Every structure is written in structure tokens, then in C-alpha cells.
Amino acid sequence: MENQFDVKQEGTILTIVLGEELATANAPALMDELNKYRDKGVEKVVFDATKLNYIASSGIRTIIFAKQKLGSNPAIEFVNCAKSIYEVFEMTGIQDYITFVNK
Amino acid sequence: MKLLHFQPIAGKALDILDAILHTPEVASCKKEFGALRLVCEELVVNVVDYAYPKNAEGYMDIEIEREDDLIVIRFKDGGTPFNPLKREMPDITLPLEERRIGGLGIFLTVKKMDEVSYDYVNNENVLTIKKKISNEE
């Protein structure tokens with residue numbers, strides 16, 4: 001499905017490949033999925049946002065959750081973040097705590 | 001003016017959102033559609049999830065007024081009186097690891113709209129948003 005996500009851990013890196021949206025329809029499911037990786041030694045969380053074009057506050061909460069609950073203060077990385085998504089991060093002041101990578 | 005009425009609303013946030021976004025009044029806002037979608041989602045979810053006590057059959061009325069260069073949307077519910085604009089806004093200067101997760105939706109609403117106001121009239125919460133429309137693609 002277009003709006004789903006795929007979560008995979010390799011070593012200490014947890015990669016989340018996002019669909020087109022991260023909002024009310026799927027953010028709670030992602031939160032549940034991430035909850036399974038609480039004590040798995042995650043040091044870096046990579047969100048692949050190549051397809052992402054819409055995020056709501058419920059989506060931002062999953063990023064905050066990843067930062068606060070997975071491992072001990074993991075680094076957060078966003079791959080191929082669209083401008084419209086970056087603007088929402090900027091609005092909420094979280095862009096300084098995310099590393100943005102284009103691939 | 002377009003009037004939309006929903007009852008019951010429990011578990012229906014996405015259906016309500018869909019109905020709002022498909023009205024010609026909202027769908028015709030091209031450049032601002034993304035902002036309106038975000039804000040409508042935040043406000044509808046807030047009402048559906050929190051306005052009424054659990055198991056209560058709540059309702060939600062939505063009024064949409066579209067002028068050439070302005071859209072006004074009113075969200076009305078008969079739930080517990082609550083002014084979301086009075087709740088403490090999230091501290092966006094805190095680092096991510098110290099952030100609290102509440103209040104982001106109403107914060108984004110205020111940021112994205114030109115005007116947001118709250119009133120309690122006839123036993124209803126009335127949240128009104130206004131957004132200037134540029135008519136650009």
C-alpha cells in the first residue's frame with residue numbers, strides 16, 4: 001500500500017521507509033511498530049522520506065517517539081526530505097535535531 | 001455556505017476529513033490545499049478523540065464559507081467546553097529529546113492559518129479558521 005511503511009534493523013541502525021503520508025491514517029501503526037524496537041540497541045534512526053509528501057502532527061510525534069524511546073538518544077536522519085515536509089519541521093523547530101541527507 | 005453534519009463521529013475522523021476536503025469550496029483552494037488539509041485533520045481528530053466522553057454519541061457540524069480570496073471554516077461540537085487556544089503551546093525551542101508530544105496540532109493550526117478563533121455559543125465549542133486564498137495554481 002502506498003501509505004504504509006517498512007521498518008528494518010541492521011546492526012544499530014533502524015531504517016523506516018515511509019510511504020506518501022505520515023498522518024492519522026498510519027502514524028499510530030508506525031508508533032506501535034517502533035515500540036517493538038525499544039530495547040534493541042538502536043543508535044541511529046533513518047527515515048527514508050523519498051516518497052513522503054504529507055505529514056501531520058501525529059507523524060511528527062513518531063519522530064519524537066523515536067528520539068526519546070528508542071535506544072539511548074539515537075541520531076535521527078531523514079533521507080530525501082521534500083521542501084513541504086521540511087517546512088513543517090522548521091515550523092515546529094525540530095529541523096536542528098535531524099540530519100538531512102540526499103541520496 | 002456549505003454545511004456538513006456528522007453523527008456519530010467516534011472512529012470517523014478520516015471520513016469526516018475526506019468529506020471536508022472533497023467539498024468544492026476546499027478542493028478549489030489549490031495553493032493552500034496542503035495547509036487546509038493539515039489543519040482540518042488536526043482539528044477533526046481533536047474533536048473526534050477528545051471532545052466527548054467515551055461512549056457518548058457525539059456530533060460535529062462544519063460550516064464552510066468560500067469567497068474569492070478567503071475561506072472560512074467553522075468546526076462546531078457539543079462536547080465538553082474546551083478552548084484549545086488557551087492550552088499551553090509546545091515549547092519549540094526545546095531539543096527533540098526533551099519535547100512533549102501534546103499540543104502540536106493546534107500549534108500548527110495557528111501557524112498555518114491567517115486567523116484562528118474560539119467561542120463557546122449555545123452549548124457548542126466553535127473553532128473558526130480563516131485563510132486567505134491566492135487563486136494561484
# chains A, B, ... in the order shown; residues from 1 in each chain; ligands from 1

$ closest_atom_pairs --of "chain A" --to "chain B" --cutoff "10 Å" --atoms "only C-alpha atoms" --output "Markdown table"
| residue | atom | partner | partner_atom | distance |
| --- | --- | --- | --- | --- |
| A:Ala23 | CA | B:Glu41 | CA | 8.7 |
| A:Thr24 | CA | B:Leu14 | CA | 7.7 |
| A:Ala25 | CA | B:Leu14 | CA | 7.2 |
| A:Asn53 | CA | B:Gly34 | CA | 9.7 |
| A:Tyr54 | CA | B:Gly34 | CA | 8.1 |
| A:Ile55 | CA | B:Leu38 | CA | 7.8 |
| A:Ala56 | CA | B:Leu38 | CA | 6.0 |
| A:Ser57 | CA | B:Gly105 | CA | 5.3 |
| A:Ser58 | CA | B:Gly105 | CA | 8.0 |
| A:Ile60 | CA | B:Leu104 | CA | 8.5 |
| A:Arg61 | CA | B:Ile101 | CA | 6.0 |
| A:Thr62 | CA | B:Ile101 | CA | 9.3 |
| A:Ile63 | CA | B:Leu96 | CA | 8.8 |
| A:Ile64 | CA | B:Leu96 | CA | 6.2 |
| A:Phe65 | CA | B:Ile101 | CA | 8.4 |
| A:Ala66 | CA | B:Glu97 | CA | 9.3 |
| A:Lys67 | CA | B:Glu97 | CA | 6.0 |
| A:Gln68 | CA | B:Glu97 | CA | 5.3 |
| A:Lys69 | CA | B:Glu97 | CA | 9.0 |
| A:Ser72 | CA | B:Glu97 | CA | 9.9 |
| A:Asn73 | CA | B:Glu97 | CA | 7.0 |
| A:Pro74 | CA | B:Glu97 | CA | 9.4 |
| A:Ile76 | CA | B:Leu96 | CA | 9.8 |
| A:Ser84 | CA | B:Gly34 | CA | 9.0 |
| A:Val88 | CA | B:Leu108 | CA | 8.1 |
| A:Glu90 | CA | B:Ile92 | CA | 9.6 |
| A:Met91 | CA | B:Leu108 | CA | 7.6 |
| A:Thr92 | CA | B:Ile92 | CA | 5.7 |
| A:Gly93 | CA | B:Ile92 | CA | 5.2 |
| A:Ile94 | CA | B:Leu96 | CA | 6.4 |
| A:Gln95 | CA | B:Leu96 | CA | 9.3 |
| A:Asp96 | CA | B:Pro95 | CA | 8.4 |
| A:Tyr97 | CA | B:Leu96 | CA | 6.3 |
| A:Ile98 | CA | B:Leu96 | CA | 8.9 |

$ select_by_dssp --residues "stretch 30-82 of chain A" --states "strand (DSSP E or B)" --output "PDB file with C-alpha atoms, in the first residue's frame"
ATOM      1  CA  LYS A  44      20.558   5.743  14.593  1.00  0.00           C
ATOM      2  CA  VAL A  45      17.063   6.009  13.116  1.00  0.00           C
ATOM      3  CA  VAL A  46      16.921   6.637   9.376  1.00  0.00           C
ATOM      4  CA  PHE A  47      13.616   7.781   7.878  1.00  0.00           C
ATOM      5  CA  ASP A  48      13.608   7.294   4.125  1.00  0.00           C
ATOM      6  CA  TYR A  54       2.414  14.909   3.661  1.00  0.00           C
ATOM      7  CA  ILE A  55       2.977  14.869   7.406  1.00  0.00           C
ATOM      8  CA  ALA A  75      20.644  10.145  15.929  1.00  0.00           C
ATOM      9  CA  ILE A  76      17.722  10.923  13.600  1.00  0.00           C
ATOM     10  CA  GLU A  77      18.316  11.087   9.871  1.00  0.00           C
ATOM     11  CA  PHE A  78      15.932  11.975   7.042  1.00  0.00           C
ATOM     12  CA  VAL A  79      16.725  10.846   3.539  1.00  0.00           C
TER      13      VAL A  79
END

$ atom_distance --atom1 "atom CA of B:Ile9" --atom2 "atom CA of B:Ile129"
20.7 Å

$ residues_around --residues "B:Ile16" --least-positions-apart "3" --cutoff "10 Å" --atoms "only C-alpha atoms" --output "PDB file with C-alpha atoms, in the first residue's frame"
ATOM      1  CA  LEU B   4     -21.747  19.281   6.860  1.00  0.00           C
ATOM      2  CA  HIS B   5     -23.212  17.300   9.752  1.00  0.00           C
ATOM      3  CA  PHE B   6     -21.691  14.152  11.218  1.00  0.00           C
ATOM      4  CA  ILE B   9     -18.315  10.685  14.995  1.00  0.00           C
ATOM      5  CA  GLY B  11     -13.762   6.487  14.822  1.00  0.00           C
ATOM      6  CA  LYS B  12     -14.851   8.597  11.847  1.00  0.00           C
ATOM      7  CA  ALA B  13     -12.087  11.218  11.739  1.00  0.00           C
ATOM      8  CA  ALA B  19     -15.821  14.871   3.189  1.00  0.00           C
ATOM      9  CA  ILE B  20     -14.441  18.325   4.024  1.00  0.00           C
ATOM     10  CA  LEU B  21     -11.566  18.067   1.551  1.00  0.00           C
ATOM     11  CA  CYS B  40      -8.653  20.213   9.112  1.00  0.00           C
ATOM     12  CA  GLU B  41      -7.038  16.897  10.030  1.00  0.00           C
ATOM     13  CA  VAL B  44     -11.252  16.989  13.305  1.00  0.00           C
ATOM     14  CA  VAL B  45      -9.029  14.477  15.103  1.00  0.00           C
ATOM     15  CA  VAL B  48     -13.332  13.041  17.463  1.00  0.00           C
ATOM     16  CA  MET B  60     -19.755  17.585  14.653  1.00  0.00           C
ATOM     17  CA  ILE B  62     -18.776  22.015   9.840  1.00  0.00           C
TER      18      ILE B  62
END

$ closest_residue --among "A:Leu70, A:Gln9, A:Leu52, A:Lys103" --to "A:Asp39" --atoms "only C-alpha atoms"
A:Leu70

$ residues_around --residues "B:Asp69" --least-positions-apart "6" --cutoff "9 Å" --atoms "only C-alpha atoms" --output "VMD selection string"
chain B and resid 131 to 135

$ atom_distance --atom1 "atom CA of B:His22" --atom2 "atom CA of A:Glu87"
24.8 Å

$ atom_distance --atom1 "atom CA of B:Tyr120" --atom2 "atom CA of B:Tyr59"
15.6 Å

$ decode --residues "chain B" --atoms "C-alpha atoms" --output "PDB file, in the first residue's frame"
ATOM      1  CA  MET B   1     -22.387  28.361   2.692  1.00  0.00           C
ATOM      2  CA  LYS B   2     -21.802  24.623   2.873  1.00  0.00           C
ATOM      3  CA  LEU B   3     -22.993  22.734   5.938  1.00  0.00           C
ATOM      4  CA  LEU B   4     -21.747  19.281   6.860  1.00  0.00           C
ATOM      5  CA  HIS B   5     -23.212  17.300   9.752  1.00  0.00           C
ATOM      6  CA  PHE B   6     -21.691  14.152  11.218  1.00  0.00           C
ATOM      7  CA  GLN B   7     -23.163  11.910  13.886  1.00  0.00           C
ATOM      8  CA  PRO B   8     -21.938   9.679  15.390  1.00  0.00           C
ATOM      9  CA  ILE B   9     -18.315  10.685  14.995  1.00  0.00           C
ATOM     10  CA  ALA B  10     -16.425   8.071  17.024  1.00  0.00           C
ATOM     11  CA  GLY B  11     -13.762   6.487  14.822  1.00  0.00           C
ATOM     12  CA  LYS B  12     -14.851   8.597  11.847  1.00  0.00           C
ATOM     13  CA  ALA B  13     -12.087  11.218  11.739  1.00  0.00           C
ATOM     14  CA  LEU B  14     -10.758  10.179   8.339  1.00  0.00           C
ATOM     15  CA  ASP B  15     -14.245  10.008   6.772  1.00  0.00           C
ATOM     16  CA  ILE B  16     -15.094  13.465   8.093  1.00  0.00           C
ATOM     17  CA  LEU B  17     -11.777  14.843   6.843  1.00  0.00           C
ATOM     18  CA  ASP B  18     -12.362  13.295   3.444  1.00  0.00           C
ATOM     19  CA  ALA B  19     -15.821  14.871   3.189  1.00  0.00           C
ATOM     20  CA  ILE B  20     -14.441  18.325   4.024  1.00  0.00           C
ATOM     21  CA  LEU B  21     -11.566  18.067   1.551  1.00  0.00           C
ATOM     22  CA  HIS B  22     -13.907  16.971  -1.226  1.00  0.00           C
ATOM     23  CA  THR B  23     -16.231  19.962  -0.953  1.00  0.00           C
ATOM     24  CA  PRO B  24     -15.734  22.253  -3.978  1.00  0.00           C
ATOM     25  CA  GLU B  25     -15.105  25.116  -1.542  1.00  0.00           C
ATOM     26  CA  VAL B  26     -11.982  23.445  -0.155  1.00  0.00           C
ATOM     27  CA  ALA B  27     -10.935  21.437  -3.197  1.00  0.00           C
ATOM     28  CA  SER B  28     -10.767  24.647  -5.251  1.00  0.00           C
ATOM     29  CA  CYS B  29      -8.067  26.102  -2.978  1.00  0.00           C
ATOM     30  CA  LYS B  30      -5.082  24.919  -4.965  1.00  0.00           C
ATOM     31  CA  LYS B  31      -2.065  26.572  -3.399  1.00  0.00           C
ATOM     32  CA  GLU B  32      -3.442  26.485   0.128  1.00  0.00           C
ATOM     33  CA  PHE B  33      -4.917  22.991  -0.062  1.00  0.00           C
ATOM     34  CA  GLY B  34      -2.000  21.372   1.766  1.00  0.00           C
ATOM     35  CA  ALA B  35      -2.268  23.771   4.693  1.00  0.00           C
ATOM     36  CA  LEU B  36      -6.059  23.377   4.865  1.00  0.00           C
ATOM     37  CA  ARG B  37      -5.753  19.611   4.766  1.00  0.00           C
ATOM     38  CA  LEU B  38      -3.276  19.604   7.635  1.00  0.00           C
ATOM     39  CA  VAL B  39      -5.320  21.978   9.769  1.00  0.00           C
ATOM     40  CA  CYS B  40      -8.653  20.213   9.112  1.00  0.00           C
ATOM     41  CA  GLU B  41      -7.038  16.897  10.030  1.00  0.00           C
ATOM     42  CA  GLU B  42      -5.690  18.276  13.304  1.00  0.00           C
ATOM     43  CA  LEU B  43      -8.998  19.895  14.299  1.00  0.00           C
ATOM     44  CA  VAL B  44     -11.252  16.989  13.305  1.00  0.00           C
ATOM     45  CA  VAL B  45      -9.029  14.477  15.103  1.00  0.00           C
ATOM     46  CA  ASN B  46      -9.061  16.640  18.235  1.00  0.00           C
ATOM     47  CA  VAL B  47     -12.867  16.723  18.310  1.00  0.00           C
ATOM     48  CA  VAL B  48     -13.332  13.041  17.463  1.00  0.00           C
ATOM     49  CA  ASP B  49     -10.743  11.880  20.008  1.00  0.00           C
ATOM     50  CA  TYR B  50     -11.287  14.290  22.889  1.00  0.00           C
ATOM     51  CA  ALA B  51     -14.442  16.426  22.733  1.00  0.00           C
ATOM     52  CA  TYR B  52     -16.926  13.872  24.068  1.00  0.00           C
ATOM     53  CA  PRO B  53     -16.832  11.438  26.961  1.00  0.00           C
ATOM     54  CA  LYS B  54     -16.150   7.863  25.895  1.00  0.00           C
ATOM     55  CA  ASN B  55     -19.237   6.056  24.553  1.00  0.00           C
ATOM     56  CA  ALA B  56     -21.138   9.315  24.067  1.00  0.00           C
ATOM     57  CA  GLU B  57     -22.690   9.688  20.633  1.00  0.00           C
ATOM     58  CA  GLY B  58     -21.186  12.998  19.704  1.00  0.00           C
ATOM     59  CA  TYR B  59     -21.786  15.137  16.637  1.00  0.00           C
ATOM     60  CA  MET B  60     -19.755  17.585  14.653  1.00  0.00           C
ATOM     61  CA  ASP B  61     -21.006  20.347  12.363  1.00  0.00           C
ATOM     62  CA  ILE B  62     -18.776  22.015   9.840  1.00  0.00           C
ATOM     63  CA  GLU B  63     -19.617  25.249   8.049  1.00  0.00           C
ATOM     64  CA  ILE B  64     -17.563  26.276   5.060  1.00  0.00           C
ATOM     65  CA  GLU B  65     -17.739  29.727   3.501  1.00  0.00           C
ATOM     66  CA  ARG B  66     -15.754  30.472   0.406  1.00  0.00           C
ATOM     67  CA  GLU B  67     -15.202  33.900  -1.044  1.00  0.00           C
ATOM     68  CA  ASP B  68     -12.900  34.764  -3.891  1.00  0.00           C
ATOM     69  CA  ASP B  69      -9.850  35.355  -1.788  1.00  0.00           C
ATOM     70  CA  LEU B  70     -10.823  33.840   1.543  1.00  0.00           C
ATOM     71  CA  ILE B  71     -12.033  30.593   3.042  1.00  0.00           C
ATOM     72  CA  VAL B  72     -13.673  30.405   6.460  1.00  0.00           C
ATOM     73  CA  ILE B  73     -14.316  27.052   8.137  1.00  0.00           C
ATOM     74  CA  ARG B  74     -16.187  26.649  11.423  1.00  0.00           C
ATOM     75  CA  PHE B  75     -15.893  23.442  13.443  1.00  0.00           C
ATOM     76  CA  LYS B  76     -18.708  23.007  15.957  1.00  0.00           C
ATOM     77  CA  ASP B  77     -19.239  20.306  18.544  1.00  0.00           C
ATOM     78  CA  GLY B  78     -21.447  19.812  21.573  1.00  0.00           C
ATOM     79  CA  GLY B  79     -18.731  18.281  23.724  1.00  0.00           C
ATOM     80  CA  THR B  80     -17.026  19.456  26.875  1.00  0.00           C
ATOM     81  CA  PRO B  81     -16.273  23.191  26.696  1.00  0.00           C
ATOM     82  CA  PHE B  82     -12.626  23.482  25.715  1.00  0.00           C
ATOM     83  CA  ASN B  83     -10.659  26.355  24.240  1.00  0.00           C
ATOM     84  CA  PRO B  84      -7.641  24.761  22.528  1.00  0.00           C
ATOM     85  CA  LEU B  85      -6.084  28.195  22.010  1.00  0.00           C
ATOM     86  CA  LYS B  86      -5.766  28.563  25.754  1.00  0.00           C
ATOM     87  CA  ARG B  87      -3.800  25.398  26.266  1.00  0.00           C
ATOM     88  CA  GLU B  88      -0.093  25.829  26.657  1.00  0.00           C
ATOM     89  CA  MET B  89       1.641  25.833  23.285  1.00  0.00           C
ATOM     90  CA  PRO B  90       4.553  23.426  22.929  1.00  0.00           C
ATOM     91  CA  ASP B  91       7.999  24.875  23.636  1.00  0.00           C
ATOM     92  CA  ILE B  92       9.569  24.614  20.196  1.00  0.00           C
ATOM     93  CA  THR B  93      12.971  25.724  21.471  1.00  0.00           C
ATOM     94  CA  LEU B  94      13.452  22.502  23.435  1.00  0.00           C
ATOM     95  CA  PRO B  95      15.720  19.837  21.921  1.00  0.00           C
ATOM     96  CA  LEU B  96      13.934  16.835  20.458  1.00  0.00           C
ATOM     97  CA  GLU B  97      14.836  14.586  23.370  1.00  0.00           C
ATOM     98  CA  GLU B  98      13.002  16.893  25.806  1.00  0.00           C
ATOM     99  CA  ARG B  99       9.915  17.575  23.697  1.00  0.00           C
ATOM    100  CA  ARG B 100       6.453  16.804  24.974  1.00  0.00           C
ATOM    101  CA  ILE B 101       4.154  15.352  22.389  1.00  0.00           C
ATOM    102  CA  GLY B 102       0.925  17.252  23.096  1.00  0.00           C
ATOM    103  CA  GLY B 103      -0.356  20.465  21.548  1.00  0.00           C
ATOM    104  CA  LEU B 104       1.456  20.222  18.219  1.00  0.00           C
ATOM    105  CA  GLY B 105      -1.738  20.044  16.170  1.00  0.00           C
ATOM    106  CA  ILE B 106      -3.239  23.289  17.445  1.00  0.00           C
ATOM    107  CA  PHE B 107       0.197  24.890  17.255  1.00  0.00           C
ATOM    108  CA  LEU B 108       0.437  24.022  13.540  1.00  0.00           C
ATOM    109  CA  THR B 109      -3.142  25.241  13.038  1.00  0.00           C
ATOM    110  CA  VAL B 110      -2.298  28.681  14.384  1.00  0.00           C
ATOM    111  CA  LYS B 111       0.904  28.813  12.318  1.00  0.00           C
ATOM    112  CA  LYS B 112      -0.721  27.766   9.047  1.00  0.00           C
ATOM    113  CA  MET B 113      -3.886  29.886   9.149  1.00  0.00           C
ATOM    114  CA  ASP B 114      -4.311  33.647   8.948  1.00  0.00           C
ATOM    115  CA  GLU B 115      -6.792  33.713  11.784  1.00  0.00           C
ATOM    116  CA  VAL B 116      -7.958  31.172  14.367  1.00  0.00           C
ATOM    117  CA  SER B 117     -10.594  31.955  16.982  1.00  0.00           C
ATOM    118  CA  TYR B 118     -12.607  30.094  19.583  1.00  0.00           C
ATOM    119  CA  ASP B 119     -16.033  30.786  21.006  1.00  0.00           C
ATOM    120  CA  TYR B 120     -18.491  28.878  23.167  1.00  0.00           C
ATOM    121  CA  VAL B 121     -22.023  29.600  21.925  1.00  0.00           C
ATOM    122  CA  ASN B 122     -25.320  27.772  22.539  1.00  0.00           C
ATOM    123  CA  ASN B 123     -23.559  24.933  24.340  1.00  0.00           C
ATOM    124  CA  GLU B 124     -21.177  24.428  21.448  1.00  0.00           C
ATOM    125  CA  ASN B 125     -17.441  24.735  21.003  1.00  0.00           C
ATOM    126  CA  VAL B 126     -16.924  26.801  17.851  1.00  0.00           C
ATOM    127  CA  LEU B 127     -13.458  26.943  16.372  1.00  0.00           C
ATOM    128  CA  THR B 128     -13.151  29.198  13.328  1.00  0.00           C
ATOM    129  CA  ILE B 129     -10.231  29.258  10.912  1.00  0.00           C
ATOM    130  CA  LYS B 130      -9.667  31.784   8.144  1.00  0.00           C
ATOM    131  CA  LYS B 131      -7.197  31.506   5.315  1.00  0.00           C
ATOM    132  CA  LYS B 132      -6.544  33.964   2.507  1.00  0.00           C
ATOM    133  CA  ILE B 133      -6.684  32.309  -0.892  1.00  0.00           C
ATOM    134  CA  SER B 134      -4.310  33.396  -3.612  1.00  0.00           C
ATOM    135  CA  ASN B 135      -6.049  31.743  -6.607  1.00  0.00           C
ATOM    136  CA  GLU B 136      -2.660  30.674  -7.921  1.00  0.00           C
ATOM    137  CA  GLU B 137      -2.031  27.167  -9.098  1.00  0.00           C
TER     138      GLU B 137
END
